[in-house]
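> Below is the file final-v6.cif, with mmCIF, C-alpha atoms.
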```
data_model
#
loop_
_atom_site.label_atom_id
_atom_site.label_comp_id
_atom_site.auth_asym_id
_atom_site.auth_seq_id
_atom_site.Cartn_x
_atom_site.Cartn_y
_atom_site.Cartn_z
CA MET A 1 116.25 78.05 187.60
CA THR A 2 112.74 79.29 186.90
CA GLY A 3 113.12 82.70 185.25
CA GLU A 4 113.64 83.24 181.55
CA ASN A 5 117.21 83.11 180.34
CA LYS A 6 117.13 84.94 177.02
CA GLU A 7 120.70 84.07 176.20
CA ILE A 8 119.91 80.36 176.30
CA LEU A 9 116.75 80.84 174.24
CA ARG A 10 118.81 82.63 171.62
CA GLU A 11 121.62 80.06 171.60
CA ILE A 12 119.08 77.27 171.13
CA TRP A 13 117.31 79.23 168.38
CA GLU A 14 120.56 79.85 166.55
CA GLY A 15 121.65 76.19 166.54
CA LYS A 16 122.53 75.25 162.96
CA LEU A 17 123.53 72.05 161.18
CA PRO A 18 125.77 71.65 158.13
CA ILE A 19 124.13 69.37 155.59
CA ARG A 20 125.48 68.03 152.31
CA PHE A 21 122.72 67.09 149.88
CA LEU A 22 123.43 64.51 147.17
CA LEU A 23 121.07 63.27 144.49
CA ALA A 24 120.34 59.53 144.66
CA ASP A 25 122.64 57.79 142.14
CA ASP A 26 119.89 55.81 140.47
CA GLU A 27 117.81 58.92 139.88
CA VAL A 28 120.42 60.85 137.91
CA SER A 29 119.36 61.10 134.30
CA ALA A 30 121.71 63.92 133.30
CA LEU A 31 125.01 63.02 131.66
CA GLU A 32 126.97 64.12 134.68
CA GLN A 33 126.19 63.56 138.34
CA PRO A 34 125.21 66.99 139.69
CA GLU A 35 127.46 68.47 142.34
CA SER A 36 126.51 68.18 145.99
CA LEU A 37 124.82 71.13 147.61
CA TYR A 38 125.94 72.33 151.03
CA LEU A 39 123.58 74.21 153.34
CA LEU A 40 123.71 75.41 156.92
CA VAL A 41 120.17 74.94 158.23
CA PRO A 42 118.49 75.87 161.52
CA ARG A 43 117.99 72.96 163.91
CA MET A 44 114.61 74.45 164.78
CA SER A 45 113.23 74.38 161.24
CA TYR A 46 111.68 71.66 159.08
CA LEU A 47 113.09 70.14 155.89
CA PRO A 48 110.35 71.47 153.57
CA LEU A 49 111.11 75.02 154.79
CA VAL A 50 114.80 75.07 153.95
CA THR A 51 115.08 72.96 150.80
CA ASP A 52 113.77 75.15 147.96
CA LYS A 53 117.39 75.55 146.89
CA VAL A 54 117.89 71.80 146.96
CA TYR A 55 114.89 71.31 144.68
CA LYS A 56 116.12 73.91 142.19
CA HIS A 57 119.64 72.54 142.27
CA PHE A 58 118.78 68.92 141.47
CA ILE A 59 115.48 69.01 139.58
CA ARG A 60 117.08 69.38 136.16
CA ALA A 61 119.28 66.35 136.65
CA VAL A 62 116.39 63.90 137.01
CA ASN A 63 114.06 62.34 134.47
CA GLN A 64 111.28 64.92 134.11
CA ASP A 65 108.66 62.26 133.40
CA CYS A 66 108.77 60.59 136.77
CA ILE A 67 109.11 63.36 139.34
CA GLU A 68 107.23 62.85 142.56
CA GLU A 69 107.46 64.83 145.80
CA MET A 70 111.03 65.49 146.94
CA TRP A 71 112.08 63.47 149.99
CA PHE A 72 115.26 62.84 151.95
CA GLU A 73 117.09 59.80 153.20
CA PHE A 74 119.94 59.20 155.64
CA GLU A 75 121.63 55.79 155.40
CA GLY A 76 118.50 54.07 154.13
CA GLN A 77 116.19 55.85 156.57
CA PRO A 78 113.55 58.10 154.97
CA LEU A 79 113.32 61.29 157.04
CA LYS A 80 110.00 62.45 158.43
CA TRP A 81 109.58 66.11 157.55
CA GLN A 82 107.21 66.70 160.46
CA TYR A 83 110.02 66.38 163.02
CA PRO A 84 112.27 69.41 163.48
CA ILE A 85 115.58 68.99 161.66
CA GLY A 86 117.51 69.04 164.95
CA ALA A 87 115.37 66.20 166.30
CA LEU A 88 116.04 64.10 163.17
CA PHE A 89 119.74 64.81 163.43
CA ASP A 90 119.96 63.88 167.12
CA LEU A 91 118.12 60.64 166.41
CA TYR A 92 119.91 59.42 163.30
CA TRP A 93 123.30 61.08 162.95
CA GLY A 94 125.01 58.96 165.61
CA ASN A 95 128.43 60.65 165.82
CA ASN A 96 128.95 60.14 162.14
CA VAL A 97 130.80 62.63 159.98
CA LEU A 98 129.92 66.27 159.40
CA PRO A 99 128.46 67.60 157.24
CA TRP A 100 125.44 65.38 157.58
CA ASN A 101 125.07 63.54 154.27
CA LEU A 102 121.47 63.39 153.09
CA ILE A 103 120.34 61.72 149.88
CA VAL A 104 117.75 63.59 147.83
CA HIS A 105 115.03 61.65 146.02
CA PHE A 106 112.38 62.65 143.50
CA GLN A 107 111.10 59.12 142.84
CA LYS A 108 109.74 56.09 144.71
CA PHE A 109 108.15 58.13 147.49
CA PRO A 110 107.93 55.75 150.51
CA ALA A 111 104.31 56.54 151.34
CA ASP A 112 104.09 53.75 153.91
CA GLU A 113 106.93 55.28 155.95
CA ILE A 114 106.61 59.04 155.59
CA LEU A 115 103.79 61.51 155.07
CA LYS A 116 103.31 63.70 152.05
CA GLY A 117 104.53 67.14 152.93
CA GLY A 118 105.16 70.60 151.60
CA LYS A 119 105.14 74.00 153.23
CA GLU A 120 101.39 74.20 153.68
CA ALA A 121 101.24 70.80 155.36
CA ALA A 122 104.18 71.84 157.54
CA GLU A 123 102.37 75.01 158.67
CA PHE A 124 99.21 73.08 159.52
CA HIS A 125 101.23 70.47 161.41
CA PHE A 126 103.23 73.12 163.26
CA ILE A 127 100.18 75.03 164.51
CA SER A 128 98.44 71.75 165.43
CA CYS A 129 101.44 70.78 167.59
CA ILE A 130 101.35 74.14 169.35
CA LYS A 131 97.65 73.62 170.10
CA GLU A 132 98.32 70.13 171.41
CA ALA A 133 101.15 71.42 173.56
CA ASP A 134 98.95 74.17 174.98
CA SER A 135 96.26 71.67 175.82
CA LEU A 136 98.88 69.83 177.90
CA LYS A 137 100.34 72.97 179.49
CA HIS A 138 97.34 75.20 180.04
CA LYS A 139 94.21 73.26 179.00
CA CYS A 140 94.22 75.36 175.80
CA HIS A 141 93.62 78.61 177.71
CA VAL A 142 96.42 80.48 175.99
CA ILE A 143 95.87 79.21 172.45
CA HIS A 144 92.18 80.12 172.67
CA GLY A 145 93.26 83.69 173.37
CA LEU A 146 95.46 83.84 170.27
CA GLN A 147 94.21 85.02 166.92
CA LYS A 148 94.95 83.91 163.37
CA LYS A 149 97.50 86.70 163.04
CA ASP A 150 99.32 85.38 166.12
CA HIS A 151 99.47 81.91 164.54
CA LYS A 152 100.86 83.55 161.42
CA GLN A 153 103.45 85.44 163.44
CA LEU A 154 104.68 82.20 165.04
CA TRP A 155 104.88 80.54 161.66
CA LEU A 156 106.59 83.43 159.88
CA GLY A 157 109.02 83.81 162.75
CA LEU A 158 110.08 80.21 162.22
CA LEU A 159 109.98 80.37 158.42
CA ASN A 160 112.08 83.52 158.24
CA ASP A 161 114.31 82.65 161.19
CA LYS A 162 113.24 85.73 163.18
CA PHE A 163 113.73 85.10 166.88
CA ASP A 164 111.98 88.26 168.14
CA GLN A 165 108.99 87.79 165.86
CA PHE A 166 108.53 84.21 167.04
CA TRP A 167 109.11 84.84 170.73
CA GLY A 168 106.81 87.90 170.64
CA VAL A 169 103.93 85.39 170.58
CA ASN A 170 105.62 82.26 171.91
CA ARG A 171 106.33 83.95 175.24
CA ARG A 172 102.59 83.96 175.93
CA LEU A 173 102.45 80.21 175.24
CA MET A 174 105.38 79.58 177.56
CA GLU A 175 104.18 81.74 180.41
CA ARG A 176 102.60 80.47 183.57
CA VAL A 177 98.87 81.12 183.77
CA ASN A 178 97.75 82.46 187.18
CA ASP A 179 101.29 81.87 188.37
CA GLU A 180 100.88 78.11 188.04
CA SER A 181 103.44 75.79 186.44
CA PHE A 182 102.52 73.84 183.33
CA ARG A 183 100.12 71.01 184.09
CA TYR A 184 102.09 68.59 181.93
CA VAL A 185 105.28 68.86 179.90
CA PRO A 186 104.79 68.48 176.15
CA PHE A 187 107.48 66.06 175.01
CA ARG A 188 108.15 63.27 172.55
CA LEU A 189 110.77 60.58 173.02
CA HIS A 190 112.10 59.39 169.68
CA GLN A 191 113.74 56.02 169.15
CA VAL A 192 115.07 54.50 165.95
CA ASP A 193 112.61 52.07 164.34
CA LYS A 194 109.95 52.63 166.99
CA PRO A 195 106.99 55.00 167.24
CA PHE A 196 107.68 58.01 169.44
CA LEU A 197 106.50 57.98 173.06
CA GLN A 198 104.38 60.61 174.72
CA GLU A 199 102.94 60.48 178.24
CA LEU A 200 101.48 62.75 180.88
CA VAL A 201 104.33 64.04 183.03
CA PRO A 202 103.42 66.83 185.47
CA THR A 203 105.88 69.64 186.22
CA ILE A 204 104.89 69.49 189.89
CA LYS A 205 105.04 66.13 191.64
CA GLU A 206 102.43 64.79 194.02
CA ASP A 207 104.49 65.83 197.04
CA GLY A 208 104.52 69.40 195.73
CA SER A 209 108.16 69.43 194.64
CA CYS A 210 109.29 70.34 191.13
CA GLY A 211 109.72 67.49 188.68
CA ASN A 212 113.01 67.10 186.85
CA PHE A 213 114.16 65.39 183.67
CA GLY A 214 114.99 62.23 185.60
CA ASP A 215 111.38 62.04 186.80
CA LEU A 216 110.20 62.34 183.21
CA LEU A 217 112.42 59.44 182.15
CA GLU A 218 111.26 57.31 185.07
CA ILE A 219 107.67 57.74 183.95
CA ALA A 220 108.10 57.56 180.18
CA LEU A 221 111.15 55.32 179.77
CA PRO A 222 111.55 53.20 182.93
CA GLU A 223 113.67 50.62 181.08
CA ALA A 224 116.45 53.22 180.72
CA ILE A 225 116.69 53.94 184.45
CA ASP A 226 118.60 51.78 186.97
CA GLU A 227 117.72 51.08 190.61
CA GLU A 228 119.49 54.18 191.81
CA GLY A 229 117.50 56.33 189.42
CA LYS A 230 120.41 56.94 187.06
CA ILE A 231 120.37 56.53 183.29
CA LYS A 232 121.66 53.03 182.52
CA LYS A 233 124.91 52.45 180.69
CA GLY A 234 124.35 51.97 176.99
CA TYR A 235 121.73 54.73 176.83
CA ARG A 236 122.36 58.24 175.60
CA ILE A 237 119.49 60.67 175.91
CA ILE A 238 119.82 63.83 173.90
CA THR A 239 117.88 66.94 173.04
CA GLN A 240 119.13 69.99 171.13
CA GLY A 241 122.39 68.07 170.70
CA ILE A 242 122.99 67.97 174.46
CA GLU A 243 122.90 65.19 177.05
CA ILE A 244 120.65 66.84 179.61
CA PRO A 245 121.49 66.39 183.33
CA GLN A 246 118.76 64.42 185.06
CA ASN A 247 118.29 67.08 187.73
CA THR A 248 117.20 69.69 185.16
CA ASP A 249 113.93 71.32 186.22
CA LEU A 250 111.13 70.30 183.86
CA GLN A 251 109.37 73.65 183.77
CA TRP A 252 112.67 75.35 182.93
CA MET A 253 113.52 72.71 180.36
CA SER A 254 110.14 72.98 178.64
CA TYR A 255 110.52 76.77 178.41
CA HIS A 256 114.10 76.87 177.21
CA LEU A 257 114.75 73.65 175.27
CA SER A 258 111.45 73.02 173.50
CA TYR A 259 111.37 73.28 169.72
CA PRO A 260 109.16 75.98 168.18
CA ASP A 261 106.29 73.46 168.05
CA ASN A 262 106.40 73.76 171.88
CA PHE A 263 107.45 70.12 172.35
CA LEU A 264 110.69 68.79 173.75
CA HIS A 265 111.98 66.33 171.15
CA VAL A 266 114.27 63.90 172.91
CA ALA A 267 116.35 61.26 171.11
CA VAL A 268 116.85 58.00 173.00
CA LEU A 269 119.95 56.28 171.66
CA THR A 270 121.14 52.82 172.65
CA ASP A 271 124.38 50.94 171.97
CA THR A 272 122.60 47.90 170.66
CA MET B 1 74.81 50.09 157.00
CA ALA B 2 74.68 46.39 157.71
CA ASP B 3 75.61 45.20 161.16
CA ASN B 4 78.18 42.72 159.98
CA GLU B 5 79.98 45.54 158.18
CA GLU B 6 80.16 47.57 161.37
CA THR B 7 81.84 44.88 163.39
CA ALA B 8 83.96 43.39 160.66
CA VAL B 9 86.15 46.33 159.78
CA PRO B 10 87.67 48.00 162.82
CA VAL B 11 88.01 45.24 165.38
CA GLU B 12 91.48 43.79 165.09
CA SER B 13 91.88 40.05 164.87
CA THR B 14 95.59 39.92 165.74
CA THR B 15 95.10 39.35 169.46
CA SER B 16 92.60 37.35 171.41
CA VAL B 17 90.52 38.74 174.23
CA THR B 18 92.92 37.18 176.70
CA GLY B 19 95.97 38.33 174.76
CA GLU B 20 98.42 40.72 176.35
CA LYS B 21 97.68 43.52 173.98
CA LYS B 22 94.88 45.49 175.54
CA LYS B 23 92.60 47.41 173.27
CA VAL B 24 91.43 50.88 174.12
CA ASP B 25 88.07 52.53 173.62
CA LEU B 26 87.63 55.21 171.02
CA LEU B 27 84.56 57.36 170.78
CA LEU B 28 84.13 58.70 167.26
CA LYS B 29 81.90 61.76 167.08
CA SER B 30 80.97 63.73 164.02
CA ALA B 31 81.37 67.48 163.85
CA GLY B 32 80.17 70.01 161.32
CA ASP B 33 78.75 68.42 158.18
CA ALA B 34 80.19 64.93 158.61
CA PRO B 35 77.70 62.05 158.75
CA ILE B 36 77.03 60.52 162.15
CA LEU B 37 78.16 56.96 162.81
CA LYS B 38 75.52 54.51 164.00
CA LYS B 39 78.16 52.84 166.15
CA LYS B 40 80.27 55.42 167.93
CA LYS B 41 82.35 53.37 170.34
CA TRP B 42 85.13 51.22 168.93
CA SER B 43 87.72 49.01 170.48
CA VAL B 44 91.08 49.63 168.87
CA ASP B 45 94.61 48.24 169.05
CA PRO B 46 96.60 51.09 170.68
CA ASP B 47 99.58 50.49 168.38
CA LYS B 48 97.52 51.78 165.47
CA LYS B 49 98.30 55.23 164.17
CA VAL B 50 95.94 58.14 163.63
CA VAL B 51 96.24 57.60 159.88
CA TRP B 52 94.65 54.18 160.37
CA VAL B 53 91.59 55.77 162.01
CA ILE B 54 91.38 58.31 159.19
CA ASP B 55 91.57 55.55 156.55
CA PHE B 56 88.96 53.54 158.41
CA LEU B 57 86.58 56.51 158.60
CA ARG B 58 87.16 57.41 154.97
CA ARG B 59 86.18 53.90 153.92
CA TYR B 60 83.31 53.70 156.35
CA LEU B 61 81.87 57.07 155.36
CA LYS B 62 82.65 56.40 151.70
CA CYS B 63 84.62 59.60 151.27
CA GLN B 64 85.59 60.53 147.74
CA PRO B 65 89.34 60.76 147.10
CA SER B 66 88.89 64.51 146.61
CA GLU B 67 87.22 64.96 150.02
CA SER B 68 89.23 65.81 153.11
CA LEU B 69 88.67 64.27 156.50
CA PHE B 70 90.00 65.88 159.66
CA ILE B 71 90.26 64.37 163.10
CA TYR B 72 90.35 66.42 166.27
CA VAL B 73 91.23 65.37 169.78
CA ASN B 74 88.87 66.88 172.36
CA GLN B 75 87.80 69.61 169.92
CA ALA B 76 91.22 71.09 170.51
CA PHE B 77 93.83 70.02 167.96
CA VAL B 78 94.50 67.84 164.95
CA PRO B 79 96.85 65.00 165.92
CA SER B 80 99.75 64.14 163.67
CA ALA B 81 98.86 61.30 161.27
CA ASP B 82 101.79 59.22 162.57
CA GLN B 83 100.80 59.67 166.22
CA SER B 84 99.88 56.39 167.93
CA ILE B 85 96.49 55.81 169.52
CA ARG B 86 98.41 54.68 172.63
CA ASN B 87 100.04 58.09 173.10
CA LEU B 88 96.78 59.94 172.53
CA TYR B 89 94.93 57.65 174.89
CA GLN B 90 97.53 58.08 177.61
CA CYS B 91 97.55 61.85 177.32
CA PHE B 92 94.00 62.77 176.39
CA ALA B 93 91.52 60.05 177.35
CA ALA B 94 88.85 60.86 179.90
CA ASP B 95 86.67 58.32 181.71
CA GLY B 96 88.50 55.49 179.96
CA LYS B 97 87.68 56.74 176.48
CA LEU B 98 89.54 58.73 173.88
CA VAL B 99 87.12 61.06 172.11
CA LEU B 100 87.94 61.87 168.50
CA TYR B 101 85.85 64.25 166.43
CA TYR B 102 85.85 63.93 162.66
CA CYS B 103 84.77 66.45 160.09
CA LYS B 104 85.14 67.21 156.41
CA THR B 105 86.17 70.82 156.80
CA PRO B 106 88.38 72.17 159.61
CA ALA B 107 85.96 72.66 162.50
CA TRP B 108 88.12 74.35 165.11
CA GLY B 109 90.51 77.07 163.99
#
```
Take the structure in the file and give it back as structure tokens.

Amino acid sequence: MTGENKEILREIWEGKLPIRFLLADDEVSALEQPESLYLLVPRMSYLPLVTDKVYKHFIRAVNQDCIEEMWFEFEGQPLKWQYPIGALFDLYWGNNVLPWNLIVHFQKFPADEILKGGKEAAEFHFISCIKEADSLKHKCHVIHGLQKKDHKQLWLGLLNDKFDQFWGVNRRLMERVNDESFRYVPFRLHQVDKPFLQELVPTIKEDGSCGNFGDLLEIALPEAIDEEGKIKKGYRIITQGIEIPQNTDLQWMSYHLSYPDNFLHVAVLTDT
Amino acid sequence: MADNEETAVPVESTTSVTGEKKKVDLLLKSAGDAPILKKKKWSVDPDKKVVWVIDFLRRYLKCQPSESLFIYVNQAFVPSADQSIRNLYQCFAADGKLVLYYCKTPAWG
């Protein structure tokens, strides 16, 4: 389970979500409610990267005097653009209907809940995450060896949905240095209405054996694990739309299931 | 700056010393052209977000609205503004302190 499986990398990269965008009722100033817009968007991407069409489609239907930054809402929850779309979907969708219905807003930007965004901010955030991830994996040794043009290649690969362009550089970030596993796995555990969790979880345990996803949960989310080390009833733990078996090797998982920002984004869902 | 100003702003009053919520130590260091703080070590509620530290520094350093302020962890990366101090402390603190560098122009490419 340690070598690269290109087929899986490609399947993960090609994951797409159907989204139906609707303009918020109270922001329609045109005589008629504009039609919904349907898009199939990459799970791996970010909302500001795939919503130019949404902006153009709805902008003429709103009062031109009070346009702020465009933002999106799902069932009352403003969506944070800095999480990959797939991570947002896994966290909030909750076996609802498809397409995923998102409300588009141009007014009343909820600045206390979400950050101001845009493509430039998204690029800066994306590269910063990759640097953070490399500091966890390789003490920044790989990122220090990359140049500005490599950063650009990662970004453009994501922006233009070009797998080979992205992985041409990302492979270096995902490789072992001096044949050693990652020091720590870059991951974020997302929960509704709580800040995300991030901890130091090594890929190799103290006894020298390889850590698995269950070990990660025991360290970062002990309340979800029962006495036998199994995920408790009432919890569903998902990444990339999949409930990951607890015995999945962490090094393998980090390589194959991380988002382009080099983090695993895991949604922790509870029945309550 | 006056001493009372230094202690009044960042220390949280929500929990007592004996309270369950344990504060963590931040070391705020300037980089590039940013002014140096007289007091560098601060005790902070770990539930605070990075954006709170940025806002605090902006006020403390009297940044103009047009000026940018960047924060780096370990001279390595810019943390997300919604990242909690708790997560950063757990992952990147050394010797019981989380070192954050602040600067007005991006210091590390």
> So what do you get for CA of Leu57 in chain B versus CA of Lys41 in chain B, distance-wise?
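Calculated distance between CA of Leu57 in chain B and CA of Lys41 in chain B is 12.9 Å.
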> Using the chain letters and numbering of this document, enumerate as a PyMOL selection string the residues selected by the PyMOL selection byres ((chain A and resi 259) around 10).
chain A and resi 12-13+43-45+83-84+86-87+187+239-240+254-258+260-265
> Name the residues in contact with range 199-205 of chain A at a cut-off of 8 Å, using all atoms listed in the file, excluding same-chain residues fewer than 3 positions from it; report them as JSON, numbers by chain.
{"A": [181, 182, 183, 184, 185, 187, 208, 209, 210, 211, 212, 216, 219, 220, 250, 251], "B": [87, 90, 91]}
> Give one line per residue of chain A that approaches chain B to at most 9 Å, naming the two atoms of the closest pair and their distance in Å to one decimal, counting all atoms listed in the file; sort by chain then ascending residue number and deliver it as CSV.

```
residue,atom,partner,partner_atom,distance
A:Gln82,CA,B:Ser80,CA,8.5
A:Ile114,CA,B:Asp82,CA,8.5
A:Leu115,CA,B:Ala81,CA,7.9
A:Phe124,CA,B:Val78,CA,8.9
A:His125,CA,B:Ser80,CA,6.9
A:Ile127,CA,B:Phe77,CA,8.8
A:Ser128,CA,B:Phe77,CA,5.5
A:Cys129,CA,B:Pro79,CA,7.6
A:Ile130,CA,B:Phe77,CA,8.7
A:Lys131,CA,B:Phe77,CA,5.7
A:Glu132,CA,B:Phe77,CA,5.7
A:Ser135,CA,B:Ala76,CA,7.3
A:Leu136,CA,B:Cys91,CA,8.1
A:Cys140,CA,B:Ala76,CA,7.4
A:Lys148,CA,B:Gly109,CA,8.2
A:Pro195,CA,B:Ser84,CA,7.3
A:Phe196,CA,B:Gln83,CA,7.8
A:Leu197,CA,B:Asn87,CA,6.5
A:Gln198,CA,B:Asn87,CA,5.3
A:Glu199,CA,B:Cys91,CA,5.6
A:Leu200,CA,B:Cys91,CA,5.4
```
> Quick one: residues within 7 Å of Phe70 in chain B, only C-alpha atoms, excluding same-chain residues fewer than 2 positions away - as a list in words?
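So, after excluding close chain neighbours, the residues are Ser68, Tyr72, Tyr102, Cys103, Lys104, Thr105 and Pro106 of chain B.
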> Just C-alpha atoms for this one: save the residues we selected as a PDB file, in the frame of the given file.

```
ATOM      1  CA  SER B  68      89.230  65.810 153.110  1.00  0.00           C
ATOM      2  CA  TYR B  72      90.350  66.420 166.270  1.00  0.00           C
ATOM      3  CA  TYR B 102      85.850  63.930 162.660  1.00  0.00           C
ATOM      4  CA  CYS B 103      84.770  66.450 160.090  1.00  0.00           C
ATOM      5  CA  LYS B 104      85.140  67.210 156.410  1.00  0.00           C
ATOM      6  CA  THR B 105      86.170  70.820 156.800  1.00  0.00           C
ATOM      7  CA  PRO B 106      88.380  72.170 159.610  1.00  0.00           C
TER       8      PRO B 106
END
```
